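*Asks:* Following this line is data-v2.tsv, made up of TSV, C-alpha atoms:
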chain	number	residue	atom	x	y	z
A	1	MET	CA	38.49	28.13	-23.81
A	2	PRO	CA	39.90	30.48	-21.16
A	3	ARG	CA	42.76	29.28	-19.00
A	4	MET	CA	43.65	30.38	-15.47
A	5	ASN	CA	47.39	30.97	-15.42
A	6	ASP	CA	49.90	30.92	-12.57
A	7	LEU	CA	47.64	29.27	-10.00
A	8	PRO	CA	49.82	27.83	-7.23
A	9	VAL	CA	49.93	24.18	-6.21
A	10	ASP	CA	51.06	25.06	-2.71
A	11	LEU	CA	51.35	21.59	-1.24
A	12	ASP	CA	52.34	20.95	2.35
A	13	LEU	CA	53.31	17.79	4.19
A	14	ASP	CA	49.91	17.36	5.84
A	15	ALA	CA	48.08	17.39	2.50
A	16	VAL	CA	50.31	14.64	1.06
A	17	LEU	CA	50.07	12.49	4.20
A	18	LEU	CA	46.28	12.85	4.19
A	19	ALA	CA	46.21	11.76	0.56
A	20	GLN	CA	47.95	8.57	1.76
A	21	GLU	CA	45.11	8.10	4.29
A	22	MET	CA	47.46	8.87	7.19
A	23	ASP	CA	47.03	11.06	10.25
A	24	PRO	CA	49.72	13.77	9.98
A	25	GLU	CA	49.95	14.27	13.73
A	26	LEU	CA	50.52	10.57	14.41
A	27	VAL	CA	53.02	10.24	11.58
A	28	ARG	CA	55.08	13.14	12.93
A	29	GLU	CA	55.00	11.62	16.40
A	30	ARG	CA	55.71	8.00	15.55
A	31	SER	CA	57.32	7.81	12.10
A	32	PRO	CA	59.95	10.51	11.51
A	33	GLY	CA	61.42	8.33	8.77
A	34	LEU	CA	58.14	8.41	6.88
A	35	VAL	CA	58.05	12.17	7.22
A	36	GLU	CA	61.53	12.37	5.71
A	37	ASP	CA	60.59	10.01	2.85
A	38	THR	CA	57.43	12.01	2.09
A	39	LEU	CA	59.36	15.27	1.99
A	40	LYS	CA	61.81	13.71	-0.49
A	41	VAL	CA	58.93	12.52	-2.68
A	42	MET	CA	57.39	16.00	-2.54
A	43	GLU	CA	60.64	17.53	-3.73
A	44	GLU	CA	60.96	15.03	-6.57
A	45	GLY	CA	57.30	15.22	-7.51
A	46	LYS	CA	57.29	18.98	-8.12
A	47	ARG	CA	59.08	18.60	-11.44
A	48	PHE	CA	56.36	16.29	-12.78
A	49	LEU	CA	53.48	18.66	-12.09
A	50	GLN	CA	51.96	20.43	-15.10
A	51	PRO	CA	49.05	22.31	-13.52
A	52	ARG	CA	46.39	23.65	-15.86
A	53	VAL	CA	42.93	25.04	-15.14
A	54	TYR	CA	40.43	25.77	-17.89
A	55	TYR	CA	37.00	27.28	-17.42
A	56	GLN	CA	33.89	28.32	-19.31
A	57	SER	CA	31.09	30.57	-18.07
A	58	TYR	CA	27.44	30.36	-19.12
A	59	ARG	CA	24.54	32.71	-18.45
A	60	VAL	CA	21.44	30.98	-17.06
A	61	ASP	CA	18.53	31.77	-19.39
A	62	LYS	CA	15.68	29.78	-17.84
A	63	VAL	CA	15.03	27.51	-14.87
A	64	PHE	CA	12.65	24.56	-15.11
A	65	HIS	CA	11.71	22.07	-12.41
A	66	ASN	CA	14.33	19.54	-13.54
A	67	ARG	CA	16.79	21.46	-15.74
A	68	LEU	CA	18.62	24.72	-16.30
A	69	LEU	CA	18.64	26.20	-19.80
A	70	LEU	CA	21.93	27.96	-20.46
A	71	GLU	CA	22.98	30.37	-23.17
A	72	GLY	CA	23.73	28.78	-26.51
A	73	GLY	CA	21.09	26.10	-25.99
A	74	LYS	CA	23.18	24.15	-23.46
A	75	GLU	CA	21.53	22.69	-20.38
A	76	LEU	CA	22.08	21.02	-17.04
A	77	ARG	CA	19.71	18.38	-15.71
A	78	GLY	CA	18.92	16.67	-12.42
A	79	ALA	CA	17.29	17.41	-9.08
A	80	PHE	CA	20.64	17.64	-7.25
A	81	LEU	CA	21.93	20.35	-9.59
A	82	ILE	CA	18.67	22.28	-9.51
A	83	SER	CA	18.69	22.33	-5.70
A	84	HIS	CA	22.05	24.16	-5.74
A	85	LEU	CA	22.02	26.08	-9.02
A	86	ALA	CA	18.43	27.26	-9.56
A	87	PRO	CA	19.09	30.77	-8.11
A	88	ALA	CA	22.27	31.25	-10.16
A	89	GLU	CA	22.66	33.88	-12.86
A	90	GLU	CA	25.89	32.37	-14.11
A	91	ILE	CA	27.35	28.87	-14.21
A	92	VAL	CA	31.12	28.32	-14.26
A	93	VAL	CA	32.51	25.00	-15.48
A	94	LEU	CA	36.07	24.12	-14.43
A	95	LEU	CA	38.51	21.47	-15.62
A	96	CYS	CA	41.63	21.12	-13.48
A	97	THR	CA	44.54	18.80	-14.25
A	98	ILE	CA	48.19	18.31	-13.34
A	99	GLY	CA	48.89	16.55	-16.65
A	100	GLU	CA	50.25	13.08	-17.39
A	101	SER	CA	53.93	13.36	-16.47
A	102	LEU	CA	53.52	12.42	-12.81
A	103	GLU	CA	51.17	9.59	-13.75
A	104	ASP	CA	53.78	8.24	-16.18
A	105	ARG	CA	56.48	8.44	-13.52
A	106	VAL	CA	54.29	6.49	-11.07
A	107	SER	CA	53.88	3.74	-13.67
A	108	GLU	CA	57.64	3.58	-14.22
A	109	LEU	CA	58.35	3.37	-10.49
A	110	PHE	CA	55.73	0.82	-9.59
A	111	ALA	CA	57.79	-2.28	-10.46
A	112	GLN	CA	60.98	-0.91	-8.85
A	113	ASP	CA	59.64	0.79	-5.72
A	114	PRO	CA	55.88	0.41	-5.14
A	115	VAL	CA	55.99	2.34	-1.87
A	116	GLN	CA	57.54	5.39	-3.48
A	117	ALA	CA	55.15	5.02	-6.41
A	118	PHE	CA	52.20	5.04	-3.99
A	119	MET	CA	53.53	8.14	-2.24
A	120	LEU	CA	54.06	9.93	-5.54
A	121	ASP	CA	50.55	9.00	-6.67
A	122	ALA	CA	49.18	10.42	-3.41
A	123	LEU	CA	51.10	13.62	-4.06
A	124	GLY	CA	49.34	13.86	-7.42
A	125	SER	CA	45.93	13.48	-5.79
A	126	ALA	CA	46.76	16.17	-3.23
A	127	ALA	CA	48.09	18.46	-5.96
A	128	VAL	CA	44.99	18.40	-8.15
A	129	GLU	CA	42.77	18.88	-5.09
A	130	ARG	CA	44.78	21.93	-4.02
A	131	LEU	CA	44.81	23.27	-7.58
A	132	SER	CA	41.03	23.02	-7.83
A	133	SER	CA	40.57	24.64	-4.42
A	134	ASN	CA	42.73	27.58	-5.47
A	135	ALA	CA	40.77	27.93	-8.71
A	136	VAL	CA	37.44	27.92	-6.86
A	137	ARG	CA	38.80	30.56	-4.48
A	138	GLN	CA	39.47	32.85	-7.44
A	139	PHE	CA	35.82	32.73	-8.46
A	140	GLU	CA	34.66	33.17	-4.88
A	141	THR	CA	36.72	36.36	-4.71
A	142	LEU	CA	35.29	37.56	-8.02
A	143	ALA	CA	31.74	36.89	-6.84
A	144	GLU	CA	32.37	38.66	-3.54
A	145	ARG	CA	33.45	41.79	-5.42
A	146	LYS	CA	30.12	41.74	-7.26
A	147	GLY	CA	28.16	41.15	-4.08
A	148	TRP	CA	27.20	37.68	-5.33
A	149	GLY	CA	27.07	34.34	-3.60
A	150	VAL	CA	28.68	31.11	-4.83
A	151	SER	CA	27.35	27.57	-4.60
A	152	VAL	CA	29.30	24.73	-3.07
A	153	PRO	CA	31.59	23.28	-5.79
A	154	LEU	CA	29.71	20.43	-7.47
A	155	SER	CA	31.76	17.56	-8.85
A	156	PRO	CA	30.62	14.33	-10.54
A	157	GLY	CA	31.11	11.43	-8.15
A	158	MET	CA	29.41	13.14	-5.25
A	159	GLU	CA	26.89	11.08	-3.33
A	160	SER	CA	23.93	12.61	-5.15
A	161	TRP	CA	25.57	13.17	-8.55
A	162	THR	CA	27.14	10.12	-10.14
A	163	LEU	CA	29.99	10.08	-12.64
A	164	GLU	CA	27.63	8.58	-15.21
A	165	GLU	CA	25.18	11.44	-14.80
A	166	GLY	CA	27.61	14.30	-14.27
A	167	GLN	CA	30.63	13.85	-16.50
A	168	PRO	CA	28.79	13.79	-19.85
A	169	GLN	CA	26.98	16.99	-18.88
A	170	ILE	CA	30.23	18.75	-18.00
A	171	PHE	CA	32.01	17.59	-21.14
A	172	ASP	CA	29.08	18.86	-23.19
A	173	LEU	CA	29.82	22.31	-21.76
A	174	VAL	CA	33.61	22.31	-22.17
A	175	PRO	CA	35.75	20.99	-25.04
A	176	GLY	CA	37.77	18.65	-22.84
A	177	GLU	CA	39.53	16.74	-25.59
A	178	GLU	CA	40.67	20.00	-27.22
A	179	ILE	CA	42.66	20.80	-24.07
A	180	GLY	CA	43.97	17.29	-23.47
A	181	VAL	CA	41.40	16.01	-20.97
A	182	SER	CA	39.12	13.19	-22.07
A	183	LEU	CA	36.52	10.81	-20.67
A	184	THR	CA	37.00	7.06	-20.51
A	185	GLU	CA	34.22	4.52	-21.05
A	186	SER	CA	33.80	4.36	-17.26
A	187	PHE	CA	33.38	8.18	-17.11
A	188	THR	CA	36.69	8.80	-15.35
A	189	MET	CA	39.10	11.32	-16.83
A	190	ARG	CA	42.44	11.10	-18.56
A	191	PRO	CA	44.83	12.34	-17.27
A	192	ALA	CA	43.71	10.55	-14.13
A	193	LYS	CA	44.79	13.42	-11.85
A	194	SER	CA	42.05	15.72	-13.12
A	195	LEU	CA	38.91	17.19	-11.58
A	196	SER	CA	35.76	18.66	-13.12
A	197	LEU	CA	33.59	21.13	-11.20
A	198	LEU	CA	30.53	23.33	-11.50
A	199	LEU	CA	29.90	26.57	-9.62
A	200	GLY	CA	26.72	28.63	-9.54
A	201	MET	CA	27.10	32.39	-9.02
A	202	GLY	CA	24.58	35.18	-8.49
A	203	PRO	CA	23.09	37.64	-5.99
A	204	GLN	CA	20.56	35.07	-4.75
A	205	VAL	CA	22.93	32.10	-4.52
A	206	GLU	CA	23.69	30.59	-1.12
A	207	THR	CA	26.40	28.08	-0.22
A	208	LEU	CA	24.49	25.05	1.03
A	209	GLY	CA	26.96	23.27	3.31
A	210	THR	CA	30.40	22.18	2.11
A	211	ILE	CA	31.57	19.74	-0.52
A	212	CYS	CA	32.23	17.24	2.32
A	213	ASP	CA	28.49	17.07	3.08
A	214	TYR	CA	27.88	15.38	-0.29
A	215	CYS	CA	30.84	12.98	-0.26
A	216	ALA	CA	30.16	9.24	0.00
A	217	VAL	CA	33.11	8.70	2.38
A	218	ARG	CA	32.47	11.71	4.62
A	219	THR	CA	32.03	9.59	7.78
A	220	THR	CA	35.49	8.01	7.54
A	221	CYS	CA	37.50	10.67	5.70
A	222	ARG	CA	40.70	11.82	7.46
A	223	HIS	CA	40.65	15.05	5.45
A	224	ARG	CA	37.39	16.07	7.13
A	225	SER	CA	38.54	15.18	10.64
A	226	ASN	CA	41.71	17.21	10.10
A	227	GLY	CA	39.87	20.27	8.82
A	228	GLY	CA	40.45	19.71	5.11
A	229	HIS	CA	38.25	18.82	2.12
Represent the structure of the file as C-alpha cells.
*Replies:*
Amino acid sequence: MPRMNDLPVDLDLDAVLLAQEMDPELVRERSPGLVEDTLKVMEEGKRFLQPRVYYQSYRVDKVFHNRLLLEGGKELRGAFLISHLAPAEEIVVLLCTIGESLEDRVSELFAQDPVQAFMLDALGSAAVERLSSNAVRQFETLAERKGWGVSVPLSPGMESWTLEEGQPQIFDLVPGEEIGVSLTESFTMRPAKSLSLLLGMGPQVETLGTICDYCAVRTTCRHRSNGGH
C-alpha cells in the first residue's frame, strides 16, 4: 500500500487551543499562562508524533443508483456517497495516523497531571487533523494538474455517513491492520488519533460544500467560527 512520506504536521498555537474547545483570541487576551503552558506541551508533544499517511486508488468501473463498482470487484454503497462520488473516475482512500506513542504518553500522564494529559491529547487531535488536511491538499494539487475536480473529503462519522456504515467499507478497500491501523468493535480506530477519508476525482467532479457542512456539531464548532475545519 503506497505511503505519503515527509508530509508536515505544521501545528500552530491556534490549532491546539481549538482542539481544547477554546477561543484562541480570548485565551491570548485573558490567559497568558495558558498560552505558555500550551506552547510547552506543543514542544514536548512533537517527539511523540509518528505521522503516517497511506493511500490506495481505485478506478470507478460502473455507477449504479445506490453503489459504485470499483476495479477489482470492490464497491462503495450508500446514497450519501453516490451523491458526491458518482461523477468520479477515480476514488482515493486515505488512512492517516500519528501512531500510538502520544496516546501512551497521555495515559501515563493522566494520573499525575490530568490537565497536561488533556492538553497533550488535544495536540494529538489537532495533529492528525492537520496531517489529513495536508494529505488531501496533495491530491487536490494532483487533480488540478490534470484539470480534474475533487470531492469534499468524506469521512465516516459525518452526519450522513455513520461510523457503522462507513468504516467497514473503507477497511475493505485498504489493508488497515497490515499498516498498524485497526477497527474496534465500536468502529473507531486504533491508534485512536487516526482518520480515514475518501476522495472522488475526475473531470466532472465538483466540490459540494465543505466538510463542515456535513458535521454533526457544525452549529457549535469553534473551528468553523475561527475559519478552520
*Asks:* Interatomic distance between atom CA of Ile179 of chain A and atom CA of Arg3 of chain A?
*Replies:* 9.9 Å
*Asks:* Any idea what the distance is between atom CA of Leu17 of chain A and atom CA of Phe110 of chain A?
*Replies:*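 Answer for the atom CA of Leu17 of chain A to atom CA of Phe110 of chain A separation: 18.9 Å.
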*Asks:* Here is a test: counting only C-alpha atoms, which residue of A:Leu173, A:Pro156, A:Arg190, A:Met201 is nearest to Gly73 of chain A?
*Replies:*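 Looking only at the distances to Gly73 of chain A, the closest residue turns out to be A:Leu173.
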*Asks:* Atom CA of Trp148 of chain A and atom CA of Gly202 of chain A, how far apart in Å?
*Replies:*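 If I compute the distance from atom CA of Gly202 of chain A to atom CA of Trp148 of chain A, I get 4.8 Å.
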*Asks:* Counting only C-alpha atoms, figure out which residue out of A:Ala88, A:Val152, A:Met42, A:Ala79 gets nearest to Arg59 of chain A.
*Replies:*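 Ranking A:Ala88, A:Val152, A:Met42, A:Ala79 by distance to Arg59 of chain A, first place goes to A:Ala88.
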*Asks:* Identify which of the residues A:Leu94, A:Gly99, A:Ser83, A:Asn134 lies closest to Thr207 of chain A, counting only C-alpha atoms when measuring atom-to-atom distances.
*Replies:* A:Ser83
*Asks:* At a cut-off of 12 Å from (20.3, 22.9, -6.5) in the coordinates of the file, what residues are picked up using all atoms listed in the file, written as a ChimeraX atom specification?
*Replies:* /A:63-68,76-88,150-154,160-161,198-201,205-209
*Asks:* Write out as a list in words the residues lying within 7 Å of segment 180-188 of chain A, counting all atoms listed in the file and excluding same-chain residues fewer than 3 positions away.
*Replies:*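 Here the qualifying residues turn out to be Leu163, Glu164, Gln167, Gly176, Glu177 and Pro191 of chain A.
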*Asks:* Quick one: residues within 9 Å of Gln50 of chain A, all atoms listed in the file, excluding same-chain residues fewer than 3 positions away - as JSON, numbers by chain?
*Replies:* {"A": [46, 47, 97, 98, 99, 100, 101, 102]}
*Asks:* Limited to C-alpha atoms, could you put the picked residues into a file as an mmCIF file, keeping the file's coordinate frame?
*Replies:*
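Done, and the output landed in again.cif:
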data_model
loop_
_atom_site.group_PDB
_atom_site.id
_atom_site.type_symbol
_atom_site.label_atom_id
_atom_site.label_comp_id
_atom_site.auth_asym_id
_atom_site.auth_seq_id
_atom_site.Cartn_x
_atom_site.Cartn_y
_atom_site.Cartn_z
ATOM 1 C CA LYS A 46 57.290 18.980 -8.120
ATOM 2 C CA ARG A 47 59.080 18.600 -11.440
ATOM 3 C CA THR A 97 44.540 18.800 -14.250
ATOM 4 C CA ILE A 98 48.190 18.310 -13.340
ATOM 5 C CA GLY A 99 48.890 16.550 -16.650
ATOM 6 C CA GLU A 100 50.250 13.080 -17.390
ATOM 7 C CA SER A 101 53.930 13.360 -16.470
ATOM 8 C CA LEU A 102 53.520 12.420 -12.810
#
*Asks:* What's the 8 Å shell around Gly124 of chain A, counting only C-alpha atoms, without same-chain residues fewer than 2 positions away, as a PyMOL selection string?
*Replies:* chain A and resi 49+98+102-103+120-122+126-128+193
*Asks:* Could those selected residues go to a file with C-alpha atoms, as a PDB file, in the frame of the given file?
*Replies:*
ATOM      1  CA  LEU A  49      53.480  18.660 -12.090  1.00  0.00           C
ATOM      2  CA  ILE A  98      48.190  18.310 -13.340  1.00  0.00           C
ATOM      3  CA  LEU A 102      53.520  12.420 -12.810  1.00  0.00           C
ATOM      4  CA  GLU A 103      51.170   9.590 -13.750  1.00  0.00           C
ATOM      5  CA  LEU A 120      54.060   9.930  -5.540  1.00  0.00           C
ATOM      6  CA  ASP A 121      50.550   9.000  -6.670  1.00  0.00           C
ATOM      7  CA  ALA A 122      49.180  10.420  -3.410  1.00  0.00           C
ATOM      8  CA  ALA A 126      46.760  16.170  -3.230  1.00  0.00           C
ATOM      9  CA  ALA A 127      48.090  18.460  -5.960  1.00  0.00           C
ATOM     10  CA  VAL A 128      44.990  18.400  -8.150  1.00  0.00           C
ATOM     11  CA  LYS A 193      44.790  13.420 -11.850  1.00  0.00           C
TER      12      LYS A 193
END
*Asks:* Using only C-alpha atoms, which of the listed residues (A:Asp23, A:Asp37, A:Asp172, A:Glu144) sits closest to Pro203 of chain A?
*Replies:*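 Counting only C-alpha atoms, the residue closest to Pro203 of chain A is A:Glu144.
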*Asks:* Nearest to Gly147 of chain A: which of A:Gly72, A:Met22, A:Gln204, A:Ala117 is it, counting only C-alpha atoms?
*Replies:*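 Selected residue with least distance to Gly147 of chain A: A:Gln204.
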*Asks:* Using only C-alpha atoms, pick whichever of A:Pro51, A:Gly166, A:Gly149, A:Pro32 has the shortest atom-to-atom distance to Asp6 of chain A.
*Replies:*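 The closest residue to Asp6 of chain A is A:Pro51.
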*Asks:* Please identify all polymer residues within 7 Å of Leu95 of chain A, counting all atoms listed in the file, omitting same-chain residues fewer than 6 positions from it, and present them as an MDAnalysis selection string.
*Replies:* chainID A and resid 53:55 195:197
*Asks:* Given the point (25.1, 30.9, -26.2) in the coordinates of this file, which residues lie within 12 Å, counting all atoms listed in the file, and how would they look as a VMD selection string?
*Replies:* chain A and resid 56 to 61 69 to 75 173
*Asks:* Would you list the contacts of Val41 of chain A as a list of chain:residue names, taking every protein, DNA or RNA residue within 9 Å and counting all atoms listed in the file, but skipping same-chain residues closer than 6 positions in sequence?
*Replies:*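 Listing them by chain and then by number gives A:Gln116, A:Met119, A:Leu120, A:Leu123.
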